[in-house]
>>> print(open('work33.txt').read())   # compact mmCIF, N, CA and C atoms
# COMPACT_ATOMS: atom_id res chain seq x y z
N MET A 1 4.55 -16.61 -20.94
CA MET A 1 4.81 -16.39 -19.53
C MET A 1 3.98 -17.38 -18.72
N VAL A 2 4.60 -17.97 -17.72
CA VAL A 2 3.94 -18.95 -16.87
C VAL A 2 3.56 -18.28 -15.56
N ALA A 3 2.31 -18.42 -15.16
CA ALA A 3 1.86 -17.87 -13.88
C ALA A 3 2.44 -18.71 -12.75
N VAL A 4 3.02 -18.04 -11.75
CA VAL A 4 3.64 -18.76 -10.64
C VAL A 4 2.89 -18.54 -9.33
N GLY A 5 1.91 -17.68 -9.33
CA GLY A 5 1.17 -17.45 -8.10
C GLY A 5 0.24 -16.26 -8.24
N SER A 6 -0.50 -16.04 -7.19
CA SER A 6 -1.44 -14.93 -7.15
C SER A 6 -1.34 -14.25 -5.79
N TRP A 7 -1.28 -12.94 -5.79
CA TRP A 7 -1.21 -12.17 -4.55
C TRP A 7 -2.38 -11.20 -4.50
N PRO A 8 -3.51 -11.63 -3.98
CA PRO A 8 -4.65 -10.71 -3.92
C PRO A 8 -4.43 -9.60 -2.89
N VAL A 9 -4.90 -8.41 -3.22
CA VAL A 9 -4.83 -7.27 -2.31
C VAL A 9 -6.26 -6.78 -2.07
N GLU A 10 -6.61 -6.64 -0.80
CA GLU A 10 -7.93 -6.12 -0.43
C GLU A 10 -7.77 -4.71 0.10
N ILE A 11 -8.55 -3.79 -0.43
CA ILE A 11 -8.51 -2.40 0.02
C ILE A 11 -9.78 -2.09 0.78
N SER A 12 -9.62 -1.68 2.02
CA SER A 12 -10.75 -1.28 2.86
C SER A 12 -10.71 0.23 3.02
N LEU A 13 -11.87 0.86 2.89
CA LEU A 13 -11.97 2.32 2.99
C LEU A 13 -12.95 2.71 4.09
N ARG A 14 -12.63 3.81 4.77
CA ARG A 14 -13.60 4.35 5.73
C ARG A 14 -13.47 5.87 5.74
N GLU A 15 -14.61 6.50 5.85
CA GLU A 15 -14.67 7.95 5.81
C GLU A 15 -15.07 8.46 7.18
N GLU A 16 -14.35 9.49 7.64
CA GLU A 16 -14.62 10.12 8.92
C GLU A 16 -14.55 11.63 8.73
N GLY A 17 -15.69 12.25 8.59
CA GLY A 17 -15.71 13.70 8.36
C GLY A 17 -15.07 14.04 7.04
N ARG A 18 -14.00 14.85 7.08
CA ARG A 18 -13.31 15.25 5.85
C ARG A 18 -12.15 14.33 5.52
N GLU A 19 -11.96 13.25 6.29
CA GLU A 19 -10.85 12.32 6.05
C GLU A 19 -11.36 10.99 5.52
N THR A 20 -10.59 10.45 4.58
CA THR A 20 -10.84 9.10 4.09
C THR A 20 -9.57 8.29 4.36
N ARG A 21 -9.74 7.15 4.99
CA ARG A 21 -8.61 6.28 5.31
C ARG A 21 -8.75 4.97 4.55
N ALA A 22 -7.61 4.43 4.16
CA ALA A 22 -7.60 3.17 3.40
C ALA A 22 -6.56 2.23 4.00
N GLU A 23 -6.86 0.94 3.93
CA GLU A 23 -5.91 -0.11 4.25
C GLU A 23 -5.82 -1.03 3.05
N ALA A 24 -4.61 -1.30 2.61
CA ALA A 24 -4.38 -2.25 1.52
C ALA A 24 -3.71 -3.46 2.15
N ARG A 25 -4.43 -4.57 2.19
CA ARG A 25 -3.95 -5.78 2.87
C ARG A 25 -3.57 -6.83 1.82
N LEU A 26 -2.29 -7.25 1.87
CA LEU A 26 -1.80 -8.28 0.97
C LEU A 26 -2.27 -9.64 1.46
N GLY A 27 -2.90 -10.41 0.59
CA GLY A 27 -3.44 -11.70 0.97
C GLY A 27 -2.54 -12.86 0.61
N LYS A 28 -1.23 -12.71 0.80
CA LYS A 28 -0.28 -13.79 0.53
C LYS A 28 -0.09 -14.59 1.81
N GLN A 29 -0.07 -15.90 1.70
CA GLN A 29 -0.09 -16.78 2.86
C GLN A 29 1.03 -16.52 3.87
N ASP A 30 2.26 -16.37 3.41
CA ASP A 30 3.38 -16.27 4.34
C ASP A 30 3.78 -14.83 4.67
N ILE A 31 3.07 -13.86 4.13
CA ILE A 31 3.39 -12.45 4.40
C ILE A 31 2.11 -11.73 4.85
N GLY A 32 2.17 -11.08 5.98
CA GLY A 32 1.05 -10.27 6.45
C GLY A 32 1.43 -8.81 6.41
N VAL A 33 1.22 -8.17 5.28
CA VAL A 33 1.63 -6.78 5.11
C VAL A 33 0.38 -5.93 4.87
N VAL A 34 0.31 -4.80 5.58
CA VAL A 34 -0.81 -3.88 5.43
C VAL A 34 -0.26 -2.48 5.17
N GLY A 35 -0.72 -1.88 4.08
CA GLY A 35 -0.36 -0.50 3.78
C GLY A 35 -1.47 0.43 4.21
N HIS A 36 -1.11 1.63 4.63
CA HIS A 36 -2.09 2.61 5.10
C HIS A 36 -2.00 3.88 4.27
N GLY A 37 -3.15 4.48 4.04
CA GLY A 37 -3.19 5.74 3.31
C GLY A 37 -4.32 6.61 3.81
N MET A 38 -4.18 7.92 3.63
CA MET A 38 -5.20 8.85 4.08
C MET A 38 -5.31 10.01 3.11
N ALA A 39 -6.53 10.50 2.96
CA ALA A 39 -6.77 11.71 2.16
C ALA A 39 -7.62 12.64 3.01
N ARG A 40 -7.33 13.92 2.93
CA ARG A 40 -8.08 14.91 3.71
C ARG A 40 -8.62 15.96 2.75
N ARG A 41 -9.92 16.17 2.80
CA ARG A 41 -10.57 17.16 1.94
C ARG A 41 -10.48 18.54 2.58
N SER A 42 -10.09 19.50 1.81
CA SER A 42 -10.04 20.88 2.28
C SER A 42 -11.48 21.38 2.51
N PRO A 43 -11.70 22.22 3.50
CA PRO A 43 -13.05 22.75 3.73
C PRO A 43 -13.60 23.51 2.53
N ASP A 44 -12.73 24.03 1.68
CA ASP A 44 -13.16 24.79 0.50
C ASP A 44 -13.53 23.90 -0.68
N ASP A 45 -13.15 22.61 -0.63
CA ASP A 45 -13.40 21.69 -1.73
C ASP A 45 -14.82 21.13 -1.69
N GLN A 46 -15.33 20.80 -2.87
CA GLN A 46 -16.62 20.12 -2.96
C GLN A 46 -16.47 18.71 -2.40
N GLU A 47 -17.57 18.16 -1.89
CA GLU A 47 -17.53 16.80 -1.36
C GLU A 47 -17.74 15.81 -2.50
N VAL A 48 -16.65 15.20 -2.95
CA VAL A 48 -16.69 14.17 -3.98
C VAL A 48 -15.99 12.94 -3.38
N THR A 49 -16.79 12.02 -2.86
CA THR A 49 -16.27 10.88 -2.11
C THR A 49 -15.25 10.07 -2.91
N GLN A 50 -15.50 9.86 -4.19
CA GLN A 50 -14.65 9.02 -5.01
C GLN A 50 -13.21 9.53 -5.07
N ILE A 51 -13.04 10.84 -5.10
CA ILE A 51 -11.69 11.40 -5.18
C ILE A 51 -10.89 11.07 -3.92
N GLY A 52 -11.50 11.27 -2.76
CA GLY A 52 -10.83 10.93 -1.51
C GLY A 52 -10.50 9.46 -1.41
N GLU A 53 -11.42 8.62 -1.87
CA GLU A 53 -11.18 7.18 -1.85
C GLU A 53 -10.00 6.80 -2.74
N GLU A 54 -9.94 7.39 -3.93
CA GLU A 54 -8.86 7.07 -4.86
C GLU A 54 -7.50 7.51 -4.30
N ILE A 55 -7.46 8.69 -3.71
CA ILE A 55 -6.20 9.19 -3.15
C ILE A 55 -5.76 8.33 -1.97
N ALA A 56 -6.68 8.03 -1.06
CA ALA A 56 -6.34 7.21 0.11
C ALA A 56 -5.91 5.81 -0.33
N ALA A 57 -6.61 5.22 -1.30
CA ALA A 57 -6.27 3.88 -1.78
C ALA A 57 -4.89 3.89 -2.44
N ALA A 58 -4.61 4.90 -3.25
CA ALA A 58 -3.31 5.00 -3.92
C ALA A 58 -2.19 5.12 -2.89
N ARG A 59 -2.42 5.89 -1.85
CA ARG A 59 -1.39 6.05 -0.81
C ARG A 59 -1.20 4.76 -0.03
N ALA A 60 -2.28 4.02 0.21
CA ALA A 60 -2.17 2.74 0.91
C ALA A 60 -1.41 1.73 0.06
N LEU A 61 -1.67 1.70 -1.24
CA LEU A 61 -0.95 0.79 -2.13
C LEU A 61 0.52 1.18 -2.23
N SER A 62 0.81 2.47 -2.25
CA SER A 62 2.20 2.93 -2.28
C SER A 62 2.93 2.51 -1.01
N ASP A 63 2.27 2.65 0.14
CA ASP A 63 2.86 2.23 1.40
C ASP A 63 3.13 0.73 1.39
N LEU A 64 2.17 -0.04 0.88
CA LEU A 64 2.34 -1.49 0.77
C LEU A 64 3.53 -1.83 -0.13
N ALA A 65 3.65 -1.15 -1.26
CA ALA A 65 4.77 -1.40 -2.18
C ALA A 65 6.10 -1.10 -1.52
N HIS A 66 6.19 0.01 -0.78
CA HIS A 66 7.44 0.34 -0.10
C HIS A 66 7.80 -0.69 0.96
N GLN A 67 6.81 -1.20 1.67
CA GLN A 67 7.08 -2.24 2.66
C GLN A 67 7.60 -3.52 2.01
N LEU A 68 7.00 -3.89 0.87
CA LEU A 68 7.45 -5.09 0.16
C LEU A 68 8.88 -4.92 -0.35
N LEU A 69 9.21 -3.74 -0.88
CA LEU A 69 10.58 -3.48 -1.33
C LEU A 69 11.56 -3.54 -0.17
N SER A 70 11.18 -3.00 0.96
CA SER A 70 12.04 -3.03 2.13
C SER A 70 12.28 -4.47 2.60
N GLU A 71 11.23 -5.27 2.60
CA GLU A 71 11.35 -6.68 2.98
C GLU A 71 12.26 -7.42 2.00
N ALA A 72 12.08 -7.19 0.70
CA ALA A 72 12.91 -7.83 -0.31
C ALA A 72 14.38 -7.41 -0.16
N ALA A 73 14.61 -6.12 0.11
CA ALA A 73 15.98 -5.64 0.30
C ALA A 73 16.63 -6.34 1.49
N GLY A 74 15.87 -6.50 2.57
CA GLY A 74 16.40 -7.20 3.73
C GLY A 74 16.77 -8.64 3.43
N GLN A 75 15.95 -9.29 2.63
CA GLN A 75 16.24 -10.68 2.25
C GLN A 75 17.48 -10.75 1.36
N ILE A 76 17.61 -9.82 0.42
CA ILE A 76 18.79 -9.79 -0.45
C ILE A 76 20.05 -9.57 0.39
N GLU A 77 19.98 -8.63 1.33
CA GLU A 77 21.13 -8.34 2.18
C GLU A 77 21.50 -9.54 3.05
N GLY A 78 20.48 -10.30 3.46
CA GLY A 78 20.75 -11.50 4.25
C GLY A 78 21.50 -12.56 3.47
N VAL A 79 21.29 -12.60 2.17
CA VAL A 79 21.96 -13.58 1.32
C VAL A 79 23.33 -13.08 0.86
N THR A 80 23.39 -11.82 0.42
CA THR A 80 24.62 -11.29 -0.17
C THR A 80 25.55 -10.64 0.84
N HIS A 81 25.03 -10.27 2.01
CA HIS A 81 25.79 -9.55 3.04
C HIS A 81 26.30 -8.21 2.52
N GLU A 82 25.57 -7.66 1.56
CA GLU A 82 25.86 -6.33 1.02
C GLU A 82 24.57 -5.52 1.02
N ARG A 83 24.72 -4.21 1.03
CA ARG A 83 23.55 -3.34 1.02
C ARG A 83 22.81 -3.46 -0.32
N ALA A 84 21.51 -3.69 -0.24
CA ALA A 84 20.68 -3.75 -1.44
C ALA A 84 20.10 -2.37 -1.72
N ARG A 85 20.09 -1.97 -2.98
CA ARG A 85 19.53 -0.69 -3.37
C ARG A 85 18.39 -0.94 -4.35
N LEU A 86 17.17 -0.96 -3.82
CA LEU A 86 15.98 -1.17 -4.63
C LEU A 86 15.21 0.14 -4.71
N HIS A 87 14.74 0.49 -5.89
CA HIS A 87 14.03 1.76 -6.10
C HIS A 87 12.69 1.49 -6.79
N MET A 88 11.77 2.39 -6.56
CA MET A 88 10.48 2.30 -7.26
C MET A 88 10.54 3.17 -8.49
>>> encode(input="work33.txt", output="structure tokens")
Amino acid sequence: MVAVGSWPVEISLREEGRETRAEARLGKQDIGVVGHGMARRSPDDQEVTQIGEEIAAARALSDLAHQLLSEAAGQIEGVTHERARLHM
């Protein structure tokens, strides 16, 4: 397999009370896409920061993936003039 490029993703996390928020920013030159995710700890749950971070980061990456699929579908439709059906 030949490497054709690299798409670095930076995940930023911030905690505010019982909420953890994440941004997943794609570092590709011609695309500026940012995914967002959030996790909320129940008042009955123990405070384990890593769990909230992992959930928020996963949701931000999922949002980023959906945005990329939507963009790709739009490009396919622009070329084929037919509805593109892309699934995760």
>>> select_by_dssp(input="work33.txt", residues="chain A", states="helix (DSSP H, G or I)", output="MDAnalysis selection string")
chainID A and resid 49:80
>>> residues_around(input="work33.txt", residues="A:Ile31", least_positions_apart="6", cutoff="12 Å", atoms="only C-alpha atoms", output="PDB file with N, CA and C atoms, in the coordinates of the input")
ATOM      1  N   TRP A   7      -1.280 -12.940  -5.790  1.00  0.00           N
ATOM      2  CA  TRP A   7      -1.210 -12.170  -4.550  1.00  0.00           C
ATOM      3  C   TRP A   7      -2.380 -11.200  -4.500  1.00  0.00           C
ATOM      4  N   PRO A   8      -3.510 -11.630  -3.980  1.00  0.00           N
ATOM      5  CA  PRO A   8      -4.650 -10.710  -3.920  1.00  0.00           C
ATOM      6  C   PRO A   8      -4.430  -9.600  -2.890  1.00  0.00           C
ATOM      7  N   VAL A   9      -4.900  -8.410  -3.220  1.00  0.00           N
ATOM      8  CA  VAL A   9      -4.830  -7.270  -2.310  1.00  0.00           C
ATOM      9  C   VAL A   9      -6.260  -6.780  -2.070  1.00  0.00           C
ATOM     10  N   ARG A  25      -4.430  -4.570   2.190  1.00  0.00           N
ATOM     11  CA  ARG A  25      -3.950  -5.780   2.870  1.00  0.00           C
ATOM     12  C   ARG A  25      -3.570  -6.830   1.820  1.00  0.00           C
ATOM     13  N   LEU A  64       2.170  -0.040   0.880  1.00  0.00           N
ATOM     14  CA  LEU A  64       2.340  -1.490   0.770  1.00  0.00           C
ATOM     15  C   LEU A  64       3.530  -1.830  -0.130  1.00  0.00           C
ATOM     16  N   GLN A  67       6.810  -1.200   1.670  1.00  0.00           N
ATOM     17  CA  GLN A  67       7.080  -2.240   2.660  1.00  0.00           C
ATOM     18  C   GLN A  67       7.600  -3.520   2.010  1.00  0.00           C
ATOM     19  N   LEU A  68       7.000  -3.890   0.870  1.00  0.00           N
ATOM     20  CA  LEU A  68       7.450  -5.090   0.160  1.00  0.00           C
ATOM     21  C   LEU A  68       8.880  -4.920  -0.350  1.00  0.00           C
ATOM     22  N   GLU A  71      11.230  -5.270   2.600  1.00  0.00           N
ATOM     23  CA  GLU A  71      11.350  -6.680   2.980  1.00  0.00           C
ATOM     24  C   GLU A  71      12.260  -7.420   2.000  1.00  0.00           C
ATOM     25  N   ALA A  72      12.080  -7.190   0.700  1.00  0.00           N
ATOM     26  CA  ALA A  72      12.910  -7.830  -0.310  1.00  0.00           C
ATOM     27  C   ALA A  72      14.380  -7.410  -0.160  1.00  0.00           C
TER      28      ALA A  72
END
>>> closest_residue(input="work33.txt", among="A:Ser6, A:Thr20, A:Thr80, A:Gln75", to="A:Ala39", atoms="only C-alpha atoms")
A:Thr20
>>> closest_residue(input="work33.txt", among="A:Leu86, A:Ala3, A:Met38, A:Val33", to="A:Glu19", atoms="all atoms listed in the file")
A:Met38
>>> atom_distance(input="work33.txt", atom1="atom N of A:Glu10", atom2="atom CA of A:Leu26")
5.4 Å
>>> atom_distance(input="work33.txt", atom1="atom C of A:Ala56", atom2="atom C of A:His87")
20.2 Å
>>> axis_aligned_box(input="work33.txt", around="stretch 61-77 of chain A", padding_each_side="4 Å", output="lines of an AutoDock Vina configuration file")
center_x = 9.9
center_y = -3.9
center_z = 0.7
size_x = 31.2
size_y = 21.7
size_z = 14.0
>>> decode(input="work33.txt", residues="stretch 16-66 of chain A", atoms="N, CA and C atoms", output="PDB file, in the first residue's frame")
ATOM      1  N   GLU A  16     -16.399  21.504  32.300  1.00  0.00           N
ATOM      2  CA  GLU A  16     -17.153  22.559  32.961  1.00  0.00           C
ATOM      3  C   GLU A  16     -18.162  21.899  33.890  1.00  0.00           C
ATOM      4  N   GLY A  17     -17.847  21.839  35.154  1.00  0.00           N
ATOM      5  CA  GLY A  17     -18.742  21.187  36.109  1.00  0.00           C
ATOM      6  C   GLY A  17     -18.871  19.715  35.803  1.00  0.00           C
ATOM      7  N   ARG A  18     -20.115  19.267  35.525  1.00  0.00           N
ATOM      8  CA  ARG A  18     -20.347  17.850  35.225  1.00  0.00           C
ATOM      9  C   ARG A  18     -20.297  17.563  33.735  1.00  0.00           C
ATOM     10  N   GLU A  19     -19.962  18.569  32.911  1.00  0.00           N
ATOM     11  CA  GLU A  19     -19.906  18.382  31.463  1.00  0.00           C
ATOM     12  C   GLU A  19     -18.476  18.408  30.955  1.00  0.00           C
ATOM     13  N   THR A  20     -18.216  17.537  29.992  1.00  0.00           N
ATOM     14  CA  THR A  20     -16.941  17.548  29.277  1.00  0.00           C
ATOM     15  C   THR A  20     -17.267  17.766  27.804  1.00  0.00           C
ATOM     16  N   ARG A  21     -16.614  18.731  27.203  1.00  0.00           N
ATOM     17  CA  ARG A  21     -16.827  19.043  25.788  1.00  0.00           C
ATOM     18  C   ARG A  21     -15.547  18.773  25.015  1.00  0.00           C
ATOM     19  N   ALA A  22     -15.724  18.319  23.781  1.00  0.00           N
ATOM     20  CA  ALA A  22     -14.578  18.006  22.927  1.00  0.00           C
ATOM     21  C   ALA A  22     -14.792  18.607  21.550  1.00  0.00           C
ATOM     22  N   GLU A  23     -13.689  19.015  20.932  1.00  0.00           N
ATOM     23  CA  GLU A  23     -13.665  19.417  19.535  1.00  0.00           C
ATOM     24  C   GLU A  23     -12.631  18.563  18.832  1.00  0.00           C
ATOM     25  N   ALA A  24     -13.019  17.968  17.723  1.00  0.00           N
ATOM     26  CA  ALA A  24     -12.098  17.198  16.887  1.00  0.00           C
ATOM     27  C   ALA A  24     -11.905  18.003  15.608  1.00  0.00           C
ATOM     28  N   ARG A  25     -10.709  18.541  15.428  1.00  0.00           N
ATOM     29  CA  ARG A  25     -10.422  19.434  14.303  1.00  0.00           C
ATOM     30  C   ARG A  25      -9.541  18.704  13.289  1.00  0.00           C
ATOM     31  N   LEU A  26     -10.057  18.591  12.050  1.00  0.00           N
ATOM     32  CA  LEU A  26      -9.301  17.958  10.979  1.00  0.00           C
ATOM     33  C   LEU A  26      -8.262  18.940  10.463  1.00  0.00           C
ATOM     34  N   GLY A  27      -7.010  18.508  10.408  1.00  0.00           N
ATOM     35  CA  GLY A  27      -5.925  19.379   9.981  1.00  0.00           C
ATOM     36  C   GLY A  27      -5.544  19.199   8.529  1.00  0.00           C
ATOM     37  N   LYS A  28      -6.525  19.029   7.649  1.00  0.00           N
ATOM     38  CA  LYS A  28      -6.260  18.898   6.214  1.00  0.00           C
ATOM     39  C   LYS A  28      -6.308  20.283   5.588  1.00  0.00           C
ATOM     40  N   GLN A  29      -5.370  20.580   4.708  1.00  0.00           N
ATOM     41  CA  GLN A  29      -5.194  21.932   4.187  1.00  0.00           C
ATOM     42  C   GLN A  29      -6.441  22.530   3.545  1.00  0.00           C
ATOM     43  N   ASP A  30      -7.123  21.784   2.696  1.00  0.00           N
ATOM     44  CA  ASP A  30      -8.238  22.365   1.951  1.00  0.00           C
ATOM     45  C   ASP A  30      -9.608  22.138   2.597  1.00  0.00           C
ATOM     46  N   ILE A  31      -9.637  21.504   3.757  1.00  0.00           N
ATOM     47  CA  ILE A  31     -10.904  21.244   4.446  1.00  0.00           C
ATOM     48  C   ILE A  31     -10.786  21.726   5.893  1.00  0.00           C
ATOM     49  N   GLY A  32     -11.707  22.561   6.314  1.00  0.00           N
ATOM     50  CA  GLY A  32     -11.753  22.998   7.702  1.00  0.00           C
ATOM     51  C   GLY A  32     -12.981  22.430   8.370  1.00  0.00           C
ATOM     52  N   VAL A  33     -12.867  21.238   8.912  1.00  0.00           N
ATOM     53  CA  VAL A  33     -14.018  20.562   9.508  1.00  0.00           C
ATOM     54  C   VAL A  33     -13.750  20.360  10.995  1.00  0.00           C
ATOM     55  N   VAL A  34     -14.755  20.682  11.810  1.00  0.00           N
ATOM     56  CA  VAL A  34     -14.644  20.518  13.257  1.00  0.00           C
ATOM     57  C   VAL A  34     -15.848  19.724  13.746  1.00  0.00           C
ATOM     58  N   GLY A  35     -15.574  18.636  14.452  1.00  0.00           N
ATOM     59  CA  GLY A  35     -16.636  17.854  15.069  1.00  0.00           C
ATOM     60  C   GLY A  35     -16.755  18.215  16.535  1.00  0.00           C
ATOM     61  N   HIS A  36     -17.969  18.149  17.059  1.00  0.00           N
ATOM     62  CA  HIS A  36     -18.221  18.513  18.451  1.00  0.00           C
ATOM     63  C   HIS A  36     -18.843  17.336  19.193  1.00  0.00           C
ATOM     64  N   GLY A  37     -18.459  17.191  20.447  1.00  0.00           N
ATOM     65  CA  GLY A  37     -19.032  16.144  21.274  1.00  0.00           C
ATOM     66  C   GLY A  37     -19.123  16.594  22.715  1.00  0.00           C
ATOM     67  N   MET A  38     -20.047  15.990  23.461  1.00  0.00           N
ATOM     68  CA  MET A  38     -20.236  16.350  24.847  1.00  0.00           C
ATOM     69  C   MET A  38     -20.599  15.127  25.662  1.00  0.00           C
ATOM     70  N   ALA A  39     -20.139  15.105  26.899  1.00  0.00           N
ATOM     71  CA  ALA A  39     -20.524  14.057  27.845  1.00  0.00           C
ATOM     72  C   ALA A  39     -20.970  14.746  29.126  1.00  0.00           C
ATOM     73  N   ARG A  40     -21.999  14.215  29.739  1.00  0.00           N
ATOM     74  CA  ARG A  40     -22.514  14.796  30.979  1.00  0.00           C
ATOM     75  C   ARG A  40     -22.550  13.707  32.044  1.00  0.00           C
ATOM     76  N   ARG A  41     -21.912  13.986  33.169  1.00  0.00           N
ATOM     77  CA  ARG A  41     -21.871  13.027  34.277  1.00  0.00           C
ATOM     78  C   ARG A  41     -23.122  13.184  35.127  1.00  0.00           C
ATOM     79  N   SER A  42     -23.741  12.088  35.439  1.00  0.00           N
ATOM     80  CA  SER A  42     -24.898  12.084  36.324  1.00  0.00           C
ATOM     81  C   SER A  42     -24.443  12.472  37.739  1.00  0.00           C
ATOM     82  N   PRO A  43     -25.269  13.181  38.492  1.00  0.00           N
ATOM     83  CA  PRO A  43     -24.886  13.532  39.864  1.00  0.00           C
ATOM     84  C   PRO A  43     -24.624  12.312  40.739  1.00  0.00           C
ATOM     85  N   ASP A  44     -25.199  11.167  40.390  1.00  0.00           N
ATOM     86  CA  ASP A  44     -25.009   9.944  41.177  1.00  0.00           C
ATOM     87  C   ASP A  44     -23.717   9.206  40.833  1.00  0.00           C
ATOM     88  N   ASP A  45     -23.081   9.567  39.702  1.00  0.00           N
ATOM     89  CA  ASP A  45     -21.872   8.880  39.259  1.00  0.00           C
ATOM     90  C   ASP A  45     -20.631   9.409  39.965  1.00  0.00           C
ATOM     91  N   GLN A  46     -19.637   8.533  40.089  1.00  0.00           N
ATOM     92  CA  GLN A  46     -18.341   8.951  40.622  1.00  0.00           C
ATOM     93  C   GLN A  46     -17.669   9.863  39.607  1.00  0.00           C
ATOM     94  N   GLU A  47     -16.809  10.758  40.096  1.00  0.00           N
ATOM     95  CA  GLU A  47     -16.089  11.652  39.187  1.00  0.00           C
ATOM     96  C   GLU A  47     -14.844  10.950  38.664  1.00  0.00           C
ATOM     97  N   VAL A  48     -14.930  10.477  37.425  1.00  0.00           N
ATOM     98  CA  VAL A  48     -13.801   9.850  36.743  1.00  0.00           C
ATOM     99  C   VAL A  48     -13.607  10.622  35.438  1.00  0.00           C
ATOM    100  N   THR A  49     -12.679  11.566  35.457  1.00  0.00           N
ATOM    101  CA  THR A  49     -12.489  12.489  34.336  1.00  0.00           C
ATOM    102  C   THR A  49     -12.252  11.771  33.018  1.00  0.00           C
ATOM    103  N   GLN A  50     -11.469  10.704  33.030  1.00  0.00           N
ATOM    104  CA  GLN A  50     -11.097  10.013  31.801  1.00  0.00           C
ATOM    105  C   GLN A  50     -12.318   9.479  31.052  1.00  0.00           C
ATOM    106  N   ILE A  51     -13.317   9.012  31.772  1.00  0.00           N
ATOM    107  CA  ILE A  51     -14.507   8.461  31.118  1.00  0.00           C
ATOM    108  C   ILE A  51     -15.238   9.550  30.339  1.00  0.00           C
ATOM    109  N   GLY A  52     -15.443  10.696  30.968  1.00  0.00           N
ATOM    110  CA  GLY A  52     -16.102  11.805  30.282  1.00  0.00           C
ATOM    111  C   GLY A  52     -15.321  12.273  29.071  1.00  0.00           C
ATOM    112  N   GLU A  53     -14.001  12.313  29.205  1.00  0.00           N
ATOM    113  CA  GLU A  53     -13.154  12.719  28.083  1.00  0.00           C
ATOM    114  C   GLU A  53     -13.287  11.750  26.915  1.00  0.00           C
ATOM    115  N   GLU A  54     -13.275  10.459  27.215  1.00  0.00           N
ATOM    116  CA  GLU A  54     -13.371   9.454  26.161  1.00  0.00           C
ATOM    117  C   GLU A  54     -14.719   9.525  25.440  1.00  0.00           C
ATOM    118  N   ILE A  55     -15.790   9.707  26.196  1.00  0.00           N
ATOM    119  CA  ILE A  55     -17.120   9.785  25.586  1.00  0.00           C
ATOM    120  C   ILE A  55     -17.241  11.036  24.733  1.00  0.00           C
ATOM    121  N   ALA A  56     -16.808  12.179  25.266  1.00  0.00           N
ATOM    122  CA  ALA A  56     -16.893  13.435  24.510  1.00  0.00           C
ATOM    123  C   ALA A  56     -16.026  13.369  23.256  1.00  0.00           C
ATOM    124  N   ALA A  57     -14.820  12.807  23.371  1.00  0.00           N
ATOM    125  CA  ALA A  57     -13.928  12.697  22.215  1.00  0.00           C
ATOM    126  C   ALA A  57     -14.527  11.768  21.158  1.00  0.00           C
ATOM    127  N   ALA A  58     -15.089  10.647  21.583  1.00  0.00           N
ATOM    128  CA  ALA A  58     -15.712   9.710  20.640  1.00  0.00           C
ATOM    129  C   ALA A  58     -16.871  10.373  19.905  1.00  0.00           C
ATOM    130  N   ARG A  59     -17.658  11.147  20.620  1.00  0.00           N
ATOM    131  CA  ARG A  59     -18.787  11.830  19.981  1.00  0.00           C
ATOM    132  C   ARG A  59     -18.308  12.905  19.020  1.00  0.00           C
ATOM    133  N   ALA A  60     -17.231  13.599  19.359  1.00  0.00           N
ATOM    134  CA  ALA A  60     -16.675  14.614  18.459  1.00  0.00           C
ATOM    135  C   ALA A  60     -16.125  13.964  17.195  1.00  0.00           C
ATOM    136  N   LEU A  61     -15.449  12.832  17.334  1.00  0.00           N
ATOM    137  CA  LEU A  61     -14.927  12.121  16.165  1.00  0.00           C
ATOM    138  C   LEU A  61     -16.063  11.581  15.302  1.00  0.00           C
ATOM    139  N   SER A  62     -17.120  11.108  15.929  1.00  0.00           N
ATOM    140  CA  SER A  62     -18.284  10.623  15.181  1.00  0.00           C
ATOM    141  C   SER A  62     -18.921  11.761  14.394  1.00  0.00           C
ATOM    142  N   ASP A  63     -19.052  12.927  15.025  1.00  0.00           N
ATOM    143  CA  ASP A  63     -19.604  14.096  14.340  1.00  0.00           C
ATOM    144  C   ASP A  63     -18.723  14.479  13.155  1.00  0.00           C
ATOM    145  N   LEU A  64     -17.413  14.461  13.361  1.00  0.00           N
ATOM    146  CA  LEU A  64     -16.471  14.764  12.279  1.00  0.00           C
ATOM    147  C   LEU A  64     -16.631  13.772  11.129  1.00  0.00           C
ATOM    148  N   ALA A  65     -16.742  12.495  11.441  1.00  0.00           N
ATOM    149  CA  ALA A  65     -16.910  11.462  10.412  1.00  0.00           C
ATOM    150  C   ALA A  65     -18.190  11.685   9.621  1.00  0.00           C
ATOM    151  N   HIS A  66     -19.284  12.013  10.303  1.00  0.00           N
ATOM    152  CA  HIS A  66     -20.545  12.253   9.599  1.00  0.00           C
ATOM    153  C   HIS A  66     -20.449  13.468   8.680  1.00  0.00           C
TER     154      HIS A  66
END
